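Reproduced below: input-v7.cif, with mmCIF, C-alpha atoms.
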```cif
data_run
loop_
_atom_site.group_PDB
_atom_site.id
_atom_site.type_symbol
_atom_site.label_atom_id
_atom_site.label_comp_id
_atom_site.auth_asym_id
_atom_site.auth_seq_id
_atom_site.Cartn_x
_atom_site.Cartn_y
_atom_site.Cartn_z
ATOM 1 C CA ARG A 1 -14.112 11.392 32.828
ATOM 2 C CA VAL A 2 -13.493 12.363 29.191
ATOM 3 C CA PRO A 3 -15.793 15.113 27.885
ATOM 4 C CA LEU A 4 -14.446 14.527 24.354
ATOM 5 C CA LEU A 5 -16.872 11.630 23.956
ATOM 6 C CA GLY A 6 -19.593 14.079 22.970
ATOM 7 C CA ALA A 7 -17.388 16.752 21.378
ATOM 8 C CA GLY A 8 -17.904 15.709 17.741
ATOM 9 C CA LEU A 9 -14.333 14.469 17.248
ATOM 10 C CA GLY A 10 -15.382 10.863 16.700
ATOM 11 C CA LEU A 11 -13.946 9.547 19.962
ATOM 12 C CA ASP A 12 -15.785 6.259 20.499
ATOM 13 C CA GLY A 13 -13.671 4.055 22.728
ATOM 14 C CA LEU A 14 -11.274 4.626 25.539
ATOM 15 C CA LYS A 15 -9.755 3.579 28.801
ATOM 16 C CA THR A 16 -8.381 6.184 31.164
ATOM 17 C CA GLY A 17 -5.861 5.487 33.861
ATOM 18 C CA HIS A 18 -3.547 7.033 36.396
ATOM 19 C CA THR A 19 -0.683 5.832 38.551
ATOM 20 C CA ASN A 20 1.964 7.831 40.351
ATOM 21 C CA GLU A 21 4.671 6.172 38.256
ATOM 22 C CA ALA A 22 3.017 6.502 34.812
ATOM 23 C CA GLY A 23 0.988 9.671 35.296
ATOM 24 C CA TYR A 24 -2.329 10.208 33.540
ATOM 25 C CA ALA A 25 -2.874 7.847 30.611
ATOM 26 C CA LEU A 26 -5.399 7.198 27.874
ATOM 27 C CA THR A 27 -6.004 4.441 25.355
ATOM 28 C CA GLY A 28 -8.560 5.596 22.825
ATOM 29 C CA SER A 29 -9.998 5.318 19.353
ATOM 30 C CA ALA A 30 -11.800 7.759 17.102
ATOM 31 C CA VAL A 31 -13.681 7.358 13.831
ATOM 32 C CA GLN A 32 -14.255 9.951 11.136
ATOM 33 C CA GLY A 33 -15.807 8.712 7.908
ATOM 34 C CA ASP A 34 -14.366 5.275 7.232
ATOM 35 C CA ARG A 35 -11.049 5.919 9.017
ATOM 36 C CA ARG A 36 -10.261 4.862 12.564
ATOM 37 C CA VAL A 37 -7.358 6.107 14.658
ATOM 38 C CA ILE A 38 -6.178 4.181 17.716
ATOM 39 C CA PHE A 39 -3.821 5.870 20.157
ATOM 40 C CA VAL A 40 -2.152 5.296 23.517
ATOM 41 C CA PHE A 41 -0.241 7.707 25.663
ATOM 42 C CA SER A 42 0.778 8.191 29.300
ATOM 43 C CA GLY A 43 2.994 10.373 31.422
ATOM 44 C CA LEU A 44 0.808 13.452 31.642
ATOM 45 C CA ASP A 45 0.494 15.381 34.881
ATOM 46 C CA SER A 46 -3.255 16.077 35.012
ATOM 47 C CA GLU A 47 -6.678 15.047 33.751
ATOM 48 C CA ARG A 48 -6.848 18.343 31.841
ATOM 49 C CA ALA A 49 -3.509 17.636 30.100
ATOM 50 C CA ARG A 50 -4.798 14.162 29.194
ATOM 51 C CA LEU A 51 -7.940 15.665 27.672
ATOM 52 C CA GLU A 52 -6.003 18.261 25.668
ATOM 53 C CA GLU A 53 -3.511 15.684 24.402
ATOM 54 C CA ALA A 54 -6.307 13.369 23.242
ATOM 55 C CA GLU A 55 -7.902 16.218 21.311
ATOM 56 C CA ARG A 56 -4.552 17.183 19.725
ATOM 57 C CA ILE A 57 -3.842 13.592 18.659
ATOM 58 C CA ILE A 58 -7.279 13.109 17.117
ATOM 59 C CA ASN A 59 -7.206 16.397 15.224
ATOM 60 C CA TRP A 60 -3.618 15.942 14.073
ATOM 61 C CA SER A 61 -4.090 12.377 12.833
ATOM 62 C CA PHE A 62 -7.183 13.156 10.761
ATOM 63 C CA ARG A 63 -5.713 16.370 9.321
ATOM 64 C CA GLN A 64 -2.170 15.239 8.620
ATOM 65 C CA PHE A 65 -2.938 11.938 6.863
ATOM 66 C CA ALA A 66 -5.105 11.266 3.838
ATOM 67 C CA GLU A 67 -6.171 8.207 1.926
ATOM 68 C CA HIS A 68 -4.614 8.016 -1.513
ATOM 69 C CA ARG A 69 -5.865 5.668 -4.251
ATOM 70 C CA VAL A 70 -2.856 3.785 -5.584
ATOM 71 C CA VAL A 71 -4.592 1.573 -8.153
ATOM 72 C CA ASN A 72 -8.056 0.764 -9.395
ATOM 73 C CA GLU A 73 -9.256 -2.792 -9.862
ATOM 74 C CA GLY A 74 -8.463 -3.964 -13.394
ATOM 75 C CA GLN A 75 -6.130 -1.036 -14.084
ATOM 76 C CA VAL A 76 -3.316 -2.077 -16.446
ATOM 77 C CA LEU A 77 -0.009 -0.951 -14.930
ATOM 78 C CA ALA A 78 2.501 -2.655 -17.200
ATOM 79 C CA GLU A 79 3.015 -5.412 -19.753
ATOM 80 C CA ALA A 80 5.089 -8.479 -18.926
ATOM 81 C CA ALA A 81 7.072 -10.300 -21.593
ATOM 82 C CA VAL A 82 5.805 -13.840 -22.238
ATOM 83 C CA TRP A 83 8.051 -16.800 -22.976
ATOM 84 C CA MET A 84 6.831 -19.350 -25.540
ATOM 85 C CA GLY A 85 3.285 -17.998 -25.522
ATOM 86 C CA ALA A 86 0.637 -17.420 -28.142
ATOM 87 C CA GLU A 87 1.164 -13.713 -27.348
ATOM 88 C CA ASN A 88 4.392 -11.795 -26.676
ATOM 89 C CA THR A 89 3.084 -9.882 -23.656
ATOM 90 C CA VAL A 90 0.425 -10.047 -20.952
ATOM 91 C CA PRO A 91 -1.081 -7.028 -19.180
ATOM 92 C CA LEU A 92 -0.309 -6.722 -15.463
ATOM 93 C CA THR A 93 -3.396 -5.473 -13.634
ATOM 94 C CA ALA A 94 -4.519 -4.679 -10.105
ATOM 95 C CA PRO A 95 -6.778 -7.420 -8.692
ATOM 96 C CA ARG A 96 -8.688 -4.864 -6.572
ATOM 97 C CA ASP A 97 -8.818 -1.193 -5.638
ATOM 98 C CA HIS A 98 -6.075 -0.316 -3.193
ATOM 99 C CA ASP A 99 -5.794 2.797 -1.018
ATOM 100 C CA ILE A 100 -2.984 3.731 1.357
ATOM 101 C CA LEU A 101 -2.829 6.256 4.169
ATOM 102 C CA VAL A 102 -0.066 8.813 3.619
ATOM 103 C CA PRO A 103 1.048 12.116 5.132
ATOM 104 C CA VAL A 104 -0.778 14.884 3.230
ATOM 105 C CA PHE A 105 2.445 16.717 2.382
ATOM 106 C CA THR A 106 3.798 13.673 0.476
ATOM 107 C CA GLU A 107 0.820 12.917 -1.804
ATOM 108 C CA ASP A 108 2.584 14.426 -4.833
ATOM 109 C CA GLN A 109 5.830 12.532 -4.076
ATOM 110 C CA ILE A 110 4.471 8.969 -4.302
ATOM 111 C CA THR A 111 6.322 6.782 -6.793
ATOM 112 C CA ALA A 112 5.771 3.207 -7.919
ATOM 113 C CA ARG A 113 7.591 0.551 -9.900
ATOM 114 C CA VAL A 114 6.587 -2.870 -11.212
ATOM 115 C CA VAL A 115 8.836 -5.825 -10.384
ATOM 116 C CA TYR A 116 8.580 -9.318 -11.876
ATOM 117 C CA ASP A 117 10.761 -12.209 -12.922
ATOM 118 C CA GLY A 118 10.444 -12.478 -16.657
ATOM 119 C CA PRO A 119 9.804 -13.339 -19.244
ATOM 120 C CA VAL A 120 6.840 -15.243 -17.800
ATOM 121 C CA ALA A 121 6.456 -18.773 -19.135
ATOM 122 C CA ALA A 122 3.197 -19.639 -20.894
ATOM 123 C CA PRO A 123 0.573 -20.860 -20.276
ATOM 124 C CA ILE A 124 -0.658 -18.056 -18.026
ATOM 125 C CA ALA A 125 -4.075 -18.035 -16.358
ATOM 126 C CA GLU A 126 -6.115 -14.847 -16.119
ATOM 127 C CA GLY A 127 -5.795 -13.563 -12.536
ATOM 128 C CA GLN A 128 -2.522 -15.428 -11.921
ATOM 129 C CA GLU A 129 -0.199 -13.390 -9.696
ATOM 130 C CA LEU A 130 2.833 -12.455 -11.773
ATOM 131 C CA ALA A 131 4.335 -9.273 -10.341
ATOM 132 C CA ARG A 132 4.497 -6.806 -7.454
ATOM 133 C CA LEU A 133 3.856 -3.090 -7.456
ATOM 134 C CA ILE A 134 6.320 -1.392 -5.105
ATOM 135 C CA VAL A 135 4.907 1.930 -3.875
ATOM 136 C CA SER A 136 7.311 4.400 -2.252
ATOM 137 C CA VAL A 137 6.223 7.265 0.000
ATOM 138 C CA PRO A 138 8.930 9.522 1.485
ATOM 139 C CA GLY A 139 9.553 8.760 5.150
ATOM 140 C CA MET A 140 7.575 5.503 5.128
ATOM 141 C CA PRO A 141 8.433 1.882 4.387
ATOM 142 C CA ASP A 142 7.589 0.705 0.862
ATOM 143 C CA PHE A 143 4.210 -0.939 0.234
ATOM 144 C CA GLU A 144 4.017 -4.045 -1.953
ATOM 145 C CA LEU A 145 0.850 -4.867 -3.844
ATOM 146 C CA PRO A 146 0.233 -7.921 -6.039
ATOM 147 C CA LEU A 147 -0.329 -7.592 -9.787
ATOM 148 C CA VAL A 148 -2.065 -10.293 -11.809
ATOM 149 C CA ALA A 149 -2.399 -11.356 -15.431
ATOM 150 C CA GLY A 150 -5.117 -9.289 -17.082
ATOM 151 C CA ARG A 151 -5.915 -12.098 -19.499
ATOM 152 C CA ALA A 152 -4.985 -15.701 -20.152
ATOM 153 C CA VAL A 153 -2.117 -16.481 -22.525
ATOM 154 C CA ALA A 154 -2.008 -19.932 -24.064
ATOM 155 C CA GLU A 155 1.155 -21.798 -24.805
ATOM 156 C CA GLY A 156 2.351 -20.891 -28.279
ATOM 157 C CA GLY A 157 2.337 -23.219 -31.245
ATOM 158 C CA PHE A 158 5.324 -24.121 -33.391
ATOM 159 C CA VAL A 159 6.034 -20.617 -34.790
ATOM 160 C CA PRO A 160 5.988 -18.718 -31.459
ATOM 161 C CA ARG A 161 8.123 -21.403 -29.833
ATOM 162 C CA MET A 162 10.680 -21.241 -32.665
ATOM 163 C CA ARG A 163 10.676 -17.428 -32.479
ATOM 164 C CA SER A 164 11.447 -17.607 -28.717
ATOM 165 C CA ALA A 165 14.216 -20.147 -29.310
ATOM 166 C CA ALA A 166 15.717 -17.939 -32.054
ATOM 167 C CA ILE A 167 15.727 -14.895 -29.767
ATOM 168 C CA VAL A 168 17.540 -16.850 -27.057
ATOM 169 C CA LEU A 169 20.013 -18.325 -29.562
ATOM 170 C CA ALA A 170 20.699 -14.896 -31.077
ATOM 171 C CA GLY A 171 21.293 -13.479 -27.600
ATOM 172 C CA HIS A 172 23.798 -16.205 -26.770
ATOM 173 C CA LEU A 173 25.584 -15.852 -30.100
ATOM 174 C CA GLY A 174 25.728 -12.096 -29.613
ATOM 175 C CA LEU A 175 27.345 -12.574 -26.232
ATOM 176 C CA MET A 176 29.858 -15.051 -27.628
ATOM 177 C CA ILE A 177 30.813 -12.748 -30.537
ATOM 178 C CA GLN A 178 31.525 -9.759 -28.325
#
```

Structure re-expressed in structure tokens:
Amino acid sequence: RVPLLGAGLGLDGLKTGHTNEAGYALTGSAVQGDRRVIFVFSGLDSERARLEEAERIINWSFRQFAEHRVVNEGQVLAEAAVWMGAENTVPLTAPRDHDILVPVFTEDQITARVVYDGPVAAPIAEGQELARLIVSVPGMPDFELPLVAGRAVAEGGFVPRMRSAAIVLAGHLGLMIQ
């Protein structure tokens, strides 16, 4: 019923249908490389229209969207301030590679920001989730990806703890003076 199965478009699964109320319909999937597209449509007036629409959807979806690497595993994206730690900061890294599918015309408009509640209290374990990477693509909802501590940070000794207390005290005194 669907000659596209052997047409080299990657169509590999489908269910055709027709009723007088819904017209000609198709539920299908296609694979090209490591991407799969699943689609459903109905309301067409002929088998030929159904065939042409399936071909248009497959071609459009593989041409108009591209995978974009957002982060690489271990990539340092920011530094988080550390509270009462042996170190003042901890690197925020991606726990794994992460790709997203985006419209090809927006690839150069992708933006990202790191969000975390800080400073982060020590001790901190390597790999501990500390932040989120918010990725914005025009016309799409934001994506949120976890960021983790790139290394462990031990609780600070006497000097780092006193330094942290002094910073807080100075901040409060500064607010009271103004």

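Around A:Phe143, within 12 Å and counting all atoms listed in the file, the residues found are Val70, His98, Asp99, Ile100, Leu101, Val102, Ile110, Thr111, Ala112, Arg113, Val114, Arg132, Leu133, Ile134, Val135, Ser136, Val137, Pro138, Met140, Pro141, Leu145 and Pro146 of chain A, once anything fewer than 2 positions away on its own chain is removed.
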
Please write as a PDB file with C-alpha atoms, keeping the file's coordinate frame the full residue list that the PyMOL selection byres ((chain A and resi 130) around 7) yields on this file.
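Writing done, so here's expr-v2.pdb:
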```
ATOM      1  CA  TYR A 116       8.580  -9.318 -11.876  1.00  0.00           C
ATOM      2  CA  GLN A 128      -2.522 -15.428 -11.921  1.00  0.00           C
ATOM      3  CA  GLU A 129      -0.199 -13.390  -9.696  1.00  0.00           C
ATOM      4  CA  ALA A 131       4.335  -9.273 -10.341  1.00  0.00           C
ATOM      5  CA  LEU A 147      -0.329  -7.592  -9.787  1.00  0.00           C
ATOM      6  CA  VAL A 148      -2.065 -10.293 -11.809  1.00  0.00           C
ATOM      7  CA  ALA A 149      -2.399 -11.356 -15.431  1.00  0.00           C
TER       8      ALA A 149
END
```

**Request:** Compile the contact shell of A:Ala86 as a ChimeraX atom specification: residues with an atom at most 12 Å away, counting only C-alpha atoms, same-chain residues fewer than 6 positions apart removed.
**Result:** /A:121-124,152-164

So what does the PyMOL selection byres ((chain A and resi 37-42) around 12) actually pick up in this one, as an mmCIF file with C-alpha atoms, in the coordinates of the input?
```cif
data_model
loop_
_atom_site.group_PDB
_atom_site.id
_atom_site.type_symbol
_atom_site.label_atom_id
_atom_site.label_comp_id
_atom_site.auth_asym_id
_atom_site.auth_seq_id
_atom_site.Cartn_x
_atom_site.Cartn_y
_atom_site.Cartn_z
ATOM 1 C CA LEU A 9 -14.333 14.469 17.248
ATOM 2 C CA GLY A 10 -15.382 10.863 16.700
ATOM 3 C CA LEU A 11 -13.946 9.547 19.962
ATOM 4 C CA ASP A 12 -15.785 6.259 20.499
ATOM 5 C CA GLY A 13 -13.671 4.055 22.728
ATOM 6 C CA LEU A 14 -11.274 4.626 25.539
ATOM 7 C CA LYS A 15 -9.755 3.579 28.801
ATOM 8 C CA THR A 16 -8.381 6.184 31.164
ATOM 9 C CA GLY A 17 -5.861 5.487 33.861
ATOM 10 C CA HIS A 18 -3.547 7.033 36.396
ATOM 11 C CA THR A 19 -0.683 5.832 38.551
ATOM 12 C CA ASN A 20 1.964 7.831 40.351
ATOM 13 C CA GLU A 21 4.671 6.172 38.256
ATOM 14 C CA ALA A 22 3.017 6.502 34.812
ATOM 15 C CA GLY A 23 0.988 9.671 35.296
ATOM 16 C CA TYR A 24 -2.329 10.208 33.540
ATOM 17 C CA ALA A 25 -2.874 7.847 30.611
ATOM 18 C CA LEU A 26 -5.399 7.198 27.874
ATOM 19 C CA THR A 27 -6.004 4.441 25.355
ATOM 20 C CA GLY A 28 -8.560 5.596 22.825
ATOM 21 C CA SER A 29 -9.998 5.318 19.353
ATOM 22 C CA ALA A 30 -11.800 7.759 17.102
ATOM 23 C CA VAL A 31 -13.681 7.358 13.831
ATOM 24 C CA GLN A 32 -14.255 9.951 11.136
ATOM 25 C CA GLY A 33 -15.807 8.712 7.908
ATOM 26 C CA ASP A 34 -14.366 5.275 7.232
ATOM 27 C CA ARG A 35 -11.049 5.919 9.017
ATOM 28 C CA ARG A 36 -10.261 4.862 12.564
ATOM 29 C CA GLY A 43 2.994 10.373 31.422
ATOM 30 C CA LEU A 44 0.808 13.452 31.642
ATOM 31 C CA ASP A 45 0.494 15.381 34.881
ATOM 32 C CA SER A 46 -3.255 16.077 35.012
ATOM 33 C CA GLU A 47 -6.678 15.047 33.751
ATOM 34 C CA ALA A 49 -3.509 17.636 30.100
ATOM 35 C CA ARG A 50 -4.798 14.162 29.194
ATOM 36 C CA LEU A 51 -7.940 15.665 27.672
ATOM 37 C CA GLU A 53 -3.511 15.684 24.402
ATOM 38 C CA ALA A 54 -6.307 13.369 23.242
ATOM 39 C CA GLU A 55 -7.902 16.218 21.311
ATOM 40 C CA ARG A 56 -4.552 17.183 19.725
ATOM 41 C CA ILE A 57 -3.842 13.592 18.659
ATOM 42 C CA ILE A 58 -7.279 13.109 17.117
ATOM 43 C CA ASN A 59 -7.206 16.397 15.224
ATOM 44 C CA TRP A 60 -3.618 15.942 14.073
ATOM 45 C CA SER A 61 -4.090 12.377 12.833
ATOM 46 C CA PHE A 62 -7.183 13.156 10.761
ATOM 47 C CA ARG A 63 -5.713 16.370 9.321
ATOM 48 C CA PHE A 65 -2.938 11.938 6.863
ATOM 49 C CA LEU A 101 -2.829 6.256 4.169
#
```

**Coordinates-based distance that separates atom CA of A:Ala125 from atom CA of A:Glu79 (Å, one decimal)** = 14.9 Å

**Message:** If I take atom CA of A:Ala66 and atom CA of A:Glu52, how far is one from the other in Å, to one decimal?
**Reply:** 22.9 Å

**Prompt:** Which is closest to A:Val115 among A:Ala166, A:Val71, A:Ala80, A:Val90, if we use all atoms listed in the file?
**Reply:**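 Of the candidates, the smallest distance to A:Val115 is held by A:Ala80.
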
**Item:** Shortest interatomic distance to A:Gln64 - which of A:Val76, A:Thr89, A:Phe105, A:Arg96, counting all atoms listed in the file
**Value:**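 Smallest separation from A:Gln64 among the options: A:Phe105.
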
**For A:Gln75, the nearest of the candidates A:Asp97, A:Asp108, A:Glu144, A:Glu126, counting only C-alpha atoms** = A:Asp97

Subset file: stretch 16-140 of chain A, C-alpha atoms, as a PDB file, in the first residue's frame:
```
ATOM      1  CA  THR A  16      -2.409   3.003   6.922  1.00  0.00           C
ATOM      2  CA  GLY A  17      -6.092   3.615   7.338  1.00  0.00           C
ATOM      3  CA  HIS A  18      -9.170   5.104   5.763  1.00  0.00           C
ATOM      4  CA  THR A  19     -12.657   5.993   6.921  1.00  0.00           C
ATOM      5  CA  ASN A  20     -15.215   8.249   5.306  1.00  0.00           C
ATOM      6  CA  GLU A  21     -15.124  10.553   8.331  1.00  0.00           C
ATOM      7  CA  ALA A  22     -11.320  10.782   8.766  1.00  0.00           C
ATOM      8  CA  GLY A  23     -10.165  10.340   5.179  1.00  0.00           C
ATOM      9  CA  TYR A  24      -6.886   8.634   4.332  1.00  0.00           C
ATOM     10  CA  ALA A  25      -4.525   8.368   7.300  1.00  0.00           C
ATOM     11  CA  LEU A  26      -1.024   7.182   8.088  1.00  0.00           C
ATOM     12  CA  THR A  27       0.961   6.527  11.242  1.00  0.00           C
ATOM     13  CA  GLY A  28       4.595   6.019  10.351  1.00  0.00           C
ATOM     14  CA  SER A  29       8.212   6.167  11.398  1.00  0.00           C
ATOM     15  CA  ALA A  30      11.432   6.709   9.496  1.00  0.00           C
ATOM     16  CA  VAL A  31      15.088   6.367  10.448  1.00  0.00           C
ATOM     17  CA  GLN A  32      18.069   8.141   8.937  1.00  0.00           C
ATOM     18  CA  GLY A  33      21.384   7.679  10.714  1.00  0.00           C
ATOM     19  CA  ASP A  34      20.651   7.612  14.430  1.00  0.00           C
ATOM     20  CA  ARG A  35      17.539   9.819  14.221  1.00  0.00           C
ATOM     21  CA  ARG A  36      13.980   8.538  14.134  1.00  0.00           C
ATOM     22  CA  VAL A  37      10.919  10.549  13.159  1.00  0.00           C
ATOM     23  CA  ILE A  38       7.428   9.403  14.132  1.00  0.00           C
ATOM     24  CA  PHE A  39       4.430  11.028  12.478  1.00  0.00           C
ATOM     25  CA  VAL A  40       0.650  10.739  12.294  1.00  0.00           C
ATOM     26  CA  PHE A  41      -1.751  12.443   9.970  1.00  0.00           C
ATOM     27  CA  SER A  42      -5.258  11.981   8.557  1.00  0.00           C
ATOM     28  CA  GLY A  43      -7.834  13.840   6.536  1.00  0.00           C
ATOM     29  CA  LEU A  44      -6.390  13.340   3.076  1.00  0.00           C
ATOM     30  CA  ASP A  45      -8.637  12.602   0.124  1.00  0.00           C
ATOM     31  CA  SER A  46      -6.695   9.848  -1.664  1.00  0.00           C
ATOM     32  CA  GLU A  47      -4.031   7.173  -1.332  1.00  0.00           C
ATOM     33  CA  ARG A  48      -1.805   9.255  -3.623  1.00  0.00           C
ATOM     34  CA  ALA A  49      -2.184  12.337  -1.377  1.00  0.00           C
ATOM     35  CA  ARG A  50      -1.318  10.159   1.634  1.00  0.00           C
ATOM     36  CA  LEU A  51       1.830   8.920  -0.099  1.00  0.00           C
ATOM     37  CA  GLU A  52       2.932  12.425  -1.104  1.00  0.00           C
ATOM     38  CA  GLU A  53       2.289  13.817   2.374  1.00  0.00           C
ATOM     39  CA  ALA A  54       4.337  11.042   3.998  1.00  0.00           C
ATOM     40  CA  GLU A  55       7.246  11.797   1.682  1.00  0.00           C
ATOM     41  CA  ARG A  56       7.000  15.552   2.397  1.00  0.00           C
ATOM     42  CA  ILE A  57       6.948  14.992   6.168  1.00  0.00           C
ATOM     43  CA  ILE A  58       9.944  12.658   6.111  1.00  0.00           C
ATOM     44  CA  ASN A  59      12.029  14.926   3.895  1.00  0.00           C
ATOM     45  CA  TRP A  60      11.066  18.074   5.783  1.00  0.00           C
ATOM     46  CA  SER A  61      11.776  16.649   9.238  1.00  0.00           C
ATOM     47  CA  PHE A  62      15.243  15.359   8.355  1.00  0.00           C
ATOM     48  CA  ARG A  63      16.212  18.528   6.463  1.00  0.00           C
ATOM     49  CA  GLN A  64      14.785  21.161   8.777  1.00  0.00           C
ATOM     50  CA  PHE A  65      16.126  19.826  12.092  1.00  0.00           C
ATOM     51  CA  ALA A  66      19.680  19.035  13.111  1.00  0.00           C
ATOM     52  CA  GLU A  67      21.344  17.631  16.178  1.00  0.00           C
ATOM     53  CA  HIS A  68      23.397  20.203  18.037  1.00  0.00           C
ATOM     54  CA  ARG A  69      25.966  19.299  20.712  1.00  0.00           C
ATOM     55  CA  VAL A  70      25.224  21.435  23.755  1.00  0.00           C
ATOM     56  CA  VAL A  71      27.924  20.131  26.105  1.00  0.00           C
ATOM     57  CA  ASN A  72      30.629  17.512  26.224  1.00  0.00           C
ATOM     58  CA  GLU A  73      31.067  15.190  29.177  1.00  0.00           C
ATOM     59  CA  GLY A  74      33.435  16.762  31.707  1.00  0.00           C
ATOM     60  CA  GLN A  75      33.282  20.190  30.060  1.00  0.00           C
ATOM     61  CA  VAL A  76      33.642  22.959  32.665  1.00  0.00           C
ATOM     62  CA  LEU A  77      30.839  25.479  32.122  1.00  0.00           C
ATOM     63  CA  ALA A  78      31.172  27.677  35.190  1.00  0.00           C
ATOM     64  CA  GLU A  79      32.606  27.933  38.692  1.00  0.00           C
ATOM     65  CA  ALA A  80      30.342  27.919  41.736  1.00  0.00           C
ATOM     66  CA  ALA A  81      31.262  29.806  44.891  1.00  0.00           C
ATOM     67  CA  VAL A  82      31.888  27.512  47.874  1.00  0.00           C
ATOM     68  CA  TRP A  83      30.867  28.323  51.431  1.00  0.00           C
ATOM     69  CA  MET A  84      33.241  27.283  54.233  1.00  0.00           C
ATOM     70  CA  GLY A  85      35.279  25.024  51.965  1.00  0.00           C
ATOM     71  CA  ALA A  86      38.944  24.227  51.589  1.00  0.00           C
ATOM     72  CA  GLU A  87      38.603  25.940  48.183  1.00  0.00           C
ATOM     73  CA  ASN A  88      36.679  29.088  47.216  1.00  0.00           C
ATOM     74  CA  THR A  89      35.127  27.638  44.057  1.00  0.00           C
ATOM     75  CA  VAL A  90      34.204  24.327  42.444  1.00  0.00           C
ATOM     76  CA  PRO A  91      33.983  23.711  38.690  1.00  0.00           C
ATOM     77  CA  LEU A  92      30.509  22.941  37.331  1.00  0.00           C
ATOM     78  CA  THR A  93      30.771  20.263  34.649  1.00  0.00           C
ATOM     79  CA  ALA A  94      28.515  18.263  32.355  1.00  0.00           C
ATOM     80  CA  PRO A  95      28.054  14.679  33.602  1.00  0.00           C
ATOM     81  CA  ARG A  96      27.674  13.395  30.013  1.00  0.00           C
ATOM     82  CA  ASP A  97      27.549  14.508  26.392  1.00  0.00           C
ATOM     83  CA  HIS A  98      24.217  16.088  25.571  1.00  0.00           C
ATOM     84  CA  ASP A  99      22.748  16.779  22.127  1.00  0.00           C
ATOM     85  CA  ILE A 100      19.450  18.466  21.300  1.00  0.00           C
ATOM     86  CA  LEU A 101      17.414  18.540  18.112  1.00  0.00           C
ATOM     87  CA  VAL A 102      16.860  22.094  16.873  1.00  0.00           C
ATOM     88  CA  PRO A 103      15.546  23.807  13.746  1.00  0.00           C
ATOM     89  CA  VAL A 104      18.537  24.329  11.423  1.00  0.00           C
ATOM     90  CA  PHE A 105      17.879  28.058  11.069  1.00  0.00           C
ATOM     91  CA  THR A 106      18.288  28.596  14.847  1.00  0.00           C
ATOM     92  CA  GLU A 107      21.622  26.813  15.432  1.00  0.00           C
ATOM     93  CA  ASP A 108      23.499  30.126  15.702  1.00  0.00           C
ATOM     94  CA  GLN A 109      20.877  31.591  18.083  1.00  0.00           C
ATOM     95  CA  ILE A 110      21.194  29.041  20.911  1.00  0.00           C
ATOM     96  CA  THR A 111      21.975  30.592  24.287  1.00  0.00           C
ATOM     97  CA  ALA A 112      22.629  29.052  27.686  1.00  0.00           C
ATOM     98  CA  ARG A 113      22.923  30.165  31.287  1.00  0.00           C
ATOM     99  CA  VAL A 114      23.991  28.406  34.481  1.00  0.00           C
ATOM    100  CA  VAL A 115      21.654  28.580  37.478  1.00  0.00           C
ATOM    101  CA  TYR A 116      22.476  27.463  41.023  1.00  0.00           C
ATOM    102  CA  ASP A 117      21.759  28.380  44.609  1.00  0.00           C
ATOM    103  CA  GLY A 118      25.018  29.537  46.078  1.00  0.00           C
ATOM    104  CA  PRO A 119      27.383  29.708  47.567  1.00  0.00           C
ATOM    105  CA  VAL A 120      27.396  25.912  47.851  1.00  0.00           C
ATOM    106  CA  ALA A 121      28.146  24.612  51.334  1.00  0.00           C
ATOM    107  CA  ALA A 122      31.171  22.343  51.747  1.00  0.00           C
ATOM    108  CA  PRO A 123      31.811  19.455  51.822  1.00  0.00           C
ATOM    109  CA  ILE A 124      31.010  18.770  48.171  1.00  0.00           C
ATOM    110  CA  ALA A 125      31.380  15.357  46.533  1.00  0.00           C
ATOM    111  CA  GLU A 126      32.750  15.015  43.014  1.00  0.00           C
ATOM    112  CA  GLY A 127      29.782  14.363  40.701  1.00  0.00           C
ATOM    113  CA  GLN A 128      27.269  15.921  43.116  1.00  0.00           C
ATOM    114  CA  GLU A 129      24.528  17.760  41.218  1.00  0.00           C
ATOM    115  CA  LEU A 130      24.855  21.448  42.039  1.00  0.00           C
ATOM    116  CA  ALA A 131      23.390  23.452  39.164  1.00  0.00           C
ATOM    117  CA  ARG A 132      21.278  23.476  36.003  1.00  0.00           C
ATOM    118  CA  LEU A 133      22.213  24.582  32.522  1.00  0.00           C
ATOM    119  CA  ILE A 134      19.237  26.335  30.923  1.00  0.00           C
ATOM    120  CA  VAL A 135      19.471  26.147  27.121  1.00  0.00           C
ATOM    121  CA  SER A 136      17.263  28.486  25.080  1.00  0.00           C
ATOM    122  CA  VAL A 137      16.397  27.941  21.417  1.00  0.00           C
ATOM    123  CA  PRO A 138      14.113  30.486  19.703  1.00  0.00           C
ATOM    124  CA  GLY A 139      10.588  29.152  19.263  1.00  0.00           C
ATOM    125  CA  MET A 140      11.103  26.156  21.561  1.00  0.00           C
TER     126      MET A 140
END
```
